[in-house]
Amino acid sequence: METIELTSALEQGKDTLEAIVKESGVQVTRCYQCGKCTGGCPVAFAMDKAPREIMRLLQLGLVEEALRSKTIWLCASCDTCSTRCPREVDIAKVMETLRIMAKKKGYITEKRMDLFHNLFLKSVETTGRVYEGGLVLGRNILGMQPFRDVHLGPSMFLKGKISPLPHIIKDNGEVKKIFANVRKRGGNV
Amino acid sequence: MKRVGVFICHCGTNIAQAVDCEKVAQNAQAFPGVAFSTDYKYMCAEPGQDLIKKAISEHRLDRVVVASCSPRMHEPTFRKCLERAGLNPYLLEMANIREHCAWVHPDDKERATLKATELVRMAVAKVIQNEPLDRSTIPITKRALVIGGGIAGIQAALDIANAGHLVDIVEKEPSIGGRMAQIDKTFPTLDCSACILTPKMVEVANHPNVRLITYSEVEKVEGYVGNFEVTIRQKARSVDLSACTGCGLCTEKCPTKVPSEFEMEMMNRKAIYTPFPQAIPNKPVIDRENCRYFKTGKCGVCQKLCPAQAVDFTQEDQLVTERYGAIVVATGFDLFDDSVYGEYGYGRYKDVITGLHFERLVNASGPTMGKIKRPSDGQEPKNVVFIKCVGSRDEAKGKAYCSKTCCMYTAKHATLVREKIKDSNVYVFYMDVRTPGKGYEEFYTRTTDQYGAKYLRGRVSKIYEKGGKLIVRGEDTLLGRQIEIEADMVVLATAMVAKENAAELAQMIGFSYDQDNFYTEAHPKLAPVETHTAGVFLAGACQGPKDIPDSVAQASAAAVKVCGLLSKERMETEPTISIVNEAICAGCGMCVTVCPYKAIELKFIQERVDGKVINRRVASVNSGLCQGCGACTVACRSAALNLKHFTNEQILAEVDALCL
């Protein structure tokens, strides 16, 4: 087991941690490590580090380790953790902040999640809403899992959940403007 | 010419690190009337007081200003010092250069020094105007009132009564005993709660100096230390206590069943009932809200059958007014409402219960005769999960504080489950285990080592039902993994909260409470049982979460304070009260309406005007009742009222000193 030299870790992580606190508006020191977030997390089974452990890493200044975790990419932003937290720590918001920062730094530990996010946004930008068929197709082909969940396709098609052609909303220009604005402000979409 | 002495205190470094005390003393030398001025490290200590006394005689001082801390703490100290030096104690003035200056301006020494100088200048100006005042004395009513008949109230009453003073206990419920009567066993010794409580209940009930006023509430409190006038509402019991023999026939025959509050609604009681078998007085009461006679006018079975003819449907609430010298408030606590946690399902799942429910479930006289059976189907639970800090240490939905008792009672519950159900598994979800009491840590260690309770560090995230089991989900934070337990019963260690009407009572008596409605002690370390209101003391969990040993200790402490008060025949009163200048009083009566102590009334005086005798109406202050709040002096349009020691002239002298 690797020993952490805490004094230097805290010093090194200081600036990044400050940025995270400022960006997310969440004071990570408030977490008292009760684990209520992790206990109720629906995707914790797939995570490499529990949400509580991410908070602990941040408290100790081990920001790099948090940024390189898979956890931040697997978080489904369902907000159960934030809703139940007895210390009113918005954990989901911290995950989002970490995700943005990781992407800027080029640490994408779950490529398919990033791919999903990109395709989702691309779809919204082009059609004004999500084109499910295209999203599934793109995700499976580019994610190199062409047959993933295909057995669900027919019944979803019959129930009208996915259609072969995209629906384009009436005034698509407005949505495009939103995207342009986000880019103008340095948004990475 | 007056000769004022000015004494600047460093308060160690408390004042000196923000204020240049030496310079303030130098500056003071130039103020009009100042004959002597100096500074010292600790003015309140023996050498500091000697310094003042010596200066008084050496420099023939007739007025003293001490610039130090708030007068709340040390004004009495310095007044006594002046008395010993032969000066009237009211010729002292204090300038608060600690709380009002040093502590609030720690970063700017120059300006803090300037402010301290100005505060001293004002005090000097006022002290020159001060008049010598004499204290008078008033008689003390030698009877104490204890509000609340739980273990704290009982202990306080017993100690006061054993010291030879009269004491009344006012209890809201039909019986004394309080929460402790509901509890099964007590930590850390596991002796039975009733076995140690009921002898005390009997003792207090039979004590010649104690009067029990049960099923009653305090309705109004007037007066002040030594002479409180308390109005008590004795609720209609519908049973004549002097005639009733407590045979129980009425309860047996009563046709109406109501969920029992004492049994946490896990068992029924009748509409005419005694709350529990060892109740004192062991005589029934009619719950008028549920009684068939009071609801429909028909029935009256109890009255017809009562051999002593004690049932009286015509009884009405009675208001009695009594005088007391001191009051002990021991009103106890309530439980937090766990249903705010949707994720725990309290109220939705029958087998998710509170610790107090569990106490009744293990109690030999409880709904299951002491056999642990889960409420839903009466089966013996094999896997029992305890969750600590439910409602406590939770700023989001509960209370920020630690309820202090849950760590120990949960360890006790875990032990009891393992003792009574041999093949059971006990899991305790905790965040910290806090056992700072005598024998407490050893008890907790036994719970894990000897009784094999499994302690899991983490806060439970969710409880849901699956196949007749309660699935408890959380994280073992020491392992960093999600865990699930299939439980048969879940016990929530529920937070202790202040009584629902705690704030109301505090406002009625006139003392302070905190943001959680727990009563505030006068000083957290040095006056833990006093309130800021003289003559009102605190005991038990109404002041903050407390276990039985702490409540009893605090009750005895409060009793000593009461005895100290009641052991005197007369009490000195402050001379800082209002006086009326009858010559300019217009008799408008404005002061009468604003006086919170009902100390002012109007009277007629005879006067000669132009040779004729006329009767004129003027205000008159009752010196025994006036508390010197000054409300009347502000309300008086003709400035006929003045507060001694804070006269209009004295206050103006201060303002002039600062502004002119």
# chains A, B, ... in the order shown; residues from 1 in each chain; ligands from 1
>>> interface_residues(of="chain B", to="chain A", cutoff="6 Å", atoms="only C-alpha atoms", output="ChimeraX atom specification")
/B:394-396,431,458-461,473-475,477,482
>>> select_by_dssp(residues="region 395-610 of chain B", states="strand (DSSP E or B)", output="count of residues only")
64
>>> residues_around(residues="Lys22 (chain A)", least_positions_apart="6", cutoff="12 Å", atoms="only C-alpha atoms", output="PDB file with C-alpha atoms, in the first residue's frame")
ATOM      1  CA  ASP A  15      -4.918  25.536  -6.284  1.00  0.00           C
ATOM      2  CA  THR A  16      -6.935  22.932  -8.157  1.00  0.00           C
ATOM      3  CA  VAL A  28     -15.804  19.947   0.455  1.00  0.00           C
ATOM      4  CA  LYS A  93     -22.406  19.112  -8.489  1.00  0.00           C
ATOM      5  CA  VAL A  94     -18.865  18.250  -7.378  1.00  0.00           C
ATOM      6  CA  THR A  97     -17.273  20.066 -11.801  1.00  0.00           C
ATOM      7  CA  LEU A  98     -14.641  17.329 -11.689  1.00  0.00           C
TER       8      LEU A  98
END
>>> residues_around(residues="Phe429 (chain B)", least_positions_apart="4", cutoff="8 Å", atoms="only C-alpha atoms", output="PyMOL selection string")
chain B and resi 385-388+455-460
>>> closest_residue(among="B:Ile353, B:Ile577, B:Ile280, B:Cys591", to="Asp134 (chain B)", atoms="only C-alpha atoms")
B:Ile577
>>> atom_distance(atom1="CA of Arg292 (chain B)", atom2="CA of Thr256 (chain B)")
6.9 Å
>>> closest_residue(among="A:Arg99, A:Lys70, A:Lys111, A:His167", to="Glu132 (chain A)", atoms="only C-alpha atoms")
A:His167
>>> residues_around(residues="Asp516 (chain B)", least_positions_apart="3", cutoff="8 Å", atoms="only C-alpha atoms", output="list in words")
Lys399, Val497, Ala498 and Tyr513 of chain B
>>> write_last_selection(atoms="C-alpha atoms", output="mmCIF file, in the first residue's frame")
data_model
loop_
_atom_site.group_PDB
_atom_site.id
_atom_site.type_symbol
_atom_site.label_atom_id
_atom_site.label_comp_id
_atom_site.auth_asym_id
_atom_site.auth_seq_id
_atom_site.Cartn_x
_atom_site.Cartn_y
_atom_site.Cartn_z
ATOM 1 C CA LYS B 399 -30.934 19.046 14.185
ATOM 2 C CA VAL B 497 -35.860 17.757 20.721
ATOM 3 C CA ALA B 498 -37.259 20.508 22.896
ATOM 4 C CA TYR B 513 -33.858 29.793 24.838
#
>>> atom_distance(atom1="CA of Gln318 (chain B)", atom2="CA of Ile213 (chain B)")
11.8 Å
>>> residues_around(residues="Lys644 (chain B)", least_positions_apart="4", cutoff="12 Å", atoms="only C-alpha atoms", output="tab-separated table (two decimals) with N, CA and C atoms, in the first residue's frame")
chain	number	residue	atom	x	y	z
B	90	TYR	N	-22.78	52.48	44.85
B	90	TYR	CA	-23.35	53.04	43.62
B	90	TYR	C	-22.56	54.23	43.11
B	129	GLN	N	-22.12	62.43	38.31
B	129	GLN	CA	-23.54	62.68	38.57
B	129	GLN	C	-24.16	61.63	39.51
B	130	ASN	N	-23.44	60.51	39.73
B	130	ASN	CA	-24.03	59.42	40.52
B	130	ASN	C	-24.33	59.86	41.95
B	131	GLU	N	-25.41	59.29	42.50
B	131	GLU	CA	-25.81	59.58	43.87
B	131	GLU	C	-25.62	58.32	44.70
B	132	PRO	N	-25.32	58.47	45.96
B	132	PRO	CA	-25.28	57.27	46.81
B	132	PRO	C	-26.70	56.69	46.94
B	133	LEU	N	-26.83	55.39	46.80
B	133	LEU	CA	-28.15	54.74	46.90
B	133	LEU	C	-28.10	53.65	47.96
B	134	ASP	N	-29.23	53.41	48.60
B	134	ASP	CA	-29.28	52.36	49.62
B	134	ASP	C	-30.22	51.24	49.20
B	135	ARG	N	-29.76	50.02	49.45
B	135	ARG	CA	-30.60	48.86	49.12
B	135	ARG	C	-31.64	48.67	50.20
B	574	GLU	N	-32.47	45.80	44.52
B	574	GLU	CA	-31.67	46.85	43.91
B	574	GLU	C	-32.38	48.19	44.10
B	575	PRO	N	-31.63	49.23	44.44
B	575	PRO	CA	-32.26	50.55	44.57
B	575	PRO	C	-32.42	51.25	43.23
B	576	THR	N	-31.99	50.60	42.16
B	576	THR	CA	-32.05	51.24	40.84
B	576	THR	C	-33.46	51.12	40.27
B	577	ILE	N	-34.39	51.83	40.90
B	577	ILE	CA	-35.79	51.75	40.47
B	577	ILE	C	-36.31	53.14	40.09
B	578	SER	N	-37.51	53.16	39.56
B	578	SER	CA	-38.08	54.43	39.11
B	578	SER	C	-38.62	55.26	40.27
B	579	ILE	N	-38.54	56.57	40.13
B	579	ILE	CA	-39.18	57.46	41.09
B	579	ILE	C	-40.02	58.48	40.32
B	580	VAL	N	-41.05	58.99	41.01
B	580	VAL	CA	-41.96	59.93	40.35
B	580	VAL	C	-41.74	61.33	40.93
B	623	SER	N	-42.04	50.05	45.07
B	623	SER	CA	-40.60	49.78	45.04
B	623	SER	C	-40.29	48.28	45.13
B	626	CYS	N	-40.97	47.15	41.21
B	626	CYS	CA	-40.20	47.76	40.11
B	626	CYS	C	-38.86	47.05	39.93
B	627	GLN	N	-38.57	46.69	38.67
B	627	GLN	CA	-37.32	46.00	38.36
B	627	GLN	C	-36.30	46.92	37.69
B	628	GLY	N	-36.66	48.21	37.56
B	628	GLY	CA	-35.71	49.17	37.00
B	628	GLY	C	-35.44	49.02	35.52
B	629	CYS	N	-36.46	48.60	34.76
B	629	CYS	CA	-36.24	48.41	33.32
B	629	CYS	C	-36.20	49.74	32.58
B	630	GLY	N	-36.89	50.77	33.11
B	630	GLY	CA	-36.83	52.09	32.51
B	630	GLY	C	-37.87	52.36	31.44
B	633	THR	N	-39.83	55.59	32.04
B	633	THR	CA	-39.15	56.88	31.86
B	633	THR	C	-39.19	57.30	30.39
B	648	ASN	N	-32.11	60.76	33.72
B	648	ASN	CA	-31.97	61.49	32.46
B	648	ASN	C	-30.72	62.37	32.49
B	649	GLU	N	-30.47	62.98	33.65
B	649	GLU	CA	-29.31	63.86	33.78
B	649	GLU	C	-28.01	63.07	33.62
B	650	GLN	N	-27.98	61.88	34.22
B	650	GLN	CA	-26.75	61.06	34.14
B	650	GLN	C	-26.48	60.60	32.71
B	651	ILE	N	-27.54	60.18	32.02
B	651	ILE	CA	-27.37	59.71	30.64
B	651	ILE	C	-26.93	60.87	29.76
>>> closest_residue(among="A:Lys104, A:Arg56, A:His117, A:Arg129", to="Leu74 (chain A)", atoms="only C-alpha atoms")
A:His117
>>> select_by_dssp(residues="region 566-624 of chain B", states="alpha helix (DSSP H)", output="ChimeraX atom specification")
/B:566,590-594
>>> write_last_selection(atoms="N, CA and C atoms", output="PDB file, in the first residue's frame")
ATOM      1  N   LEU B 566     -34.074  30.249  49.372  1.00  0.00           N
ATOM      2  CA  LEU B 566     -35.166  30.138  50.338  1.00  0.00           C
ATOM      3  C   LEU B 566     -34.679  30.124  51.786  1.00  0.00           C
ATOM      4  N   MET B 590     -49.860  56.716  31.248  1.00  0.00           N
ATOM      5  CA  MET B 590     -49.114  56.035  30.194  1.00  0.00           C
ATOM      6  C   MET B 590     -48.129  55.011  30.779  1.00  0.00           C
ATOM      7  N   CYS B 591     -47.472  55.411  31.876  1.00  0.00           N
ATOM      8  CA  CYS B 591     -46.489  54.529  32.508  1.00  0.00           C
ATOM      9  C   CYS B 591     -47.146  53.253  33.036  1.00  0.00           C
ATOM     10  N   VAL B 592     -48.391  53.380  33.499  1.00  0.00           N
ATOM     11  CA  VAL B 592     -49.094  52.220  34.057  1.00  0.00           C
ATOM     12  C   VAL B 592     -49.248  51.136  32.977  1.00  0.00           C
ATOM     13  N   THR B 593     -49.573  51.586  31.761  1.00  0.00           N
ATOM     14  CA  THR B 593     -49.790  50.605  30.686  1.00  0.00           C
ATOM     15  C   THR B 593     -48.486  49.976  30.204  1.00  0.00           C
ATOM     16  N   VAL B 594     -47.381  50.744  30.187  1.00  0.00           N
ATOM     17  CA  VAL B 594     -46.150  50.158  29.639  1.00  0.00           C
ATOM     18  C   VAL B 594     -45.397  49.311  30.654  1.00  0.00           C
TER      19      VAL B 594
END
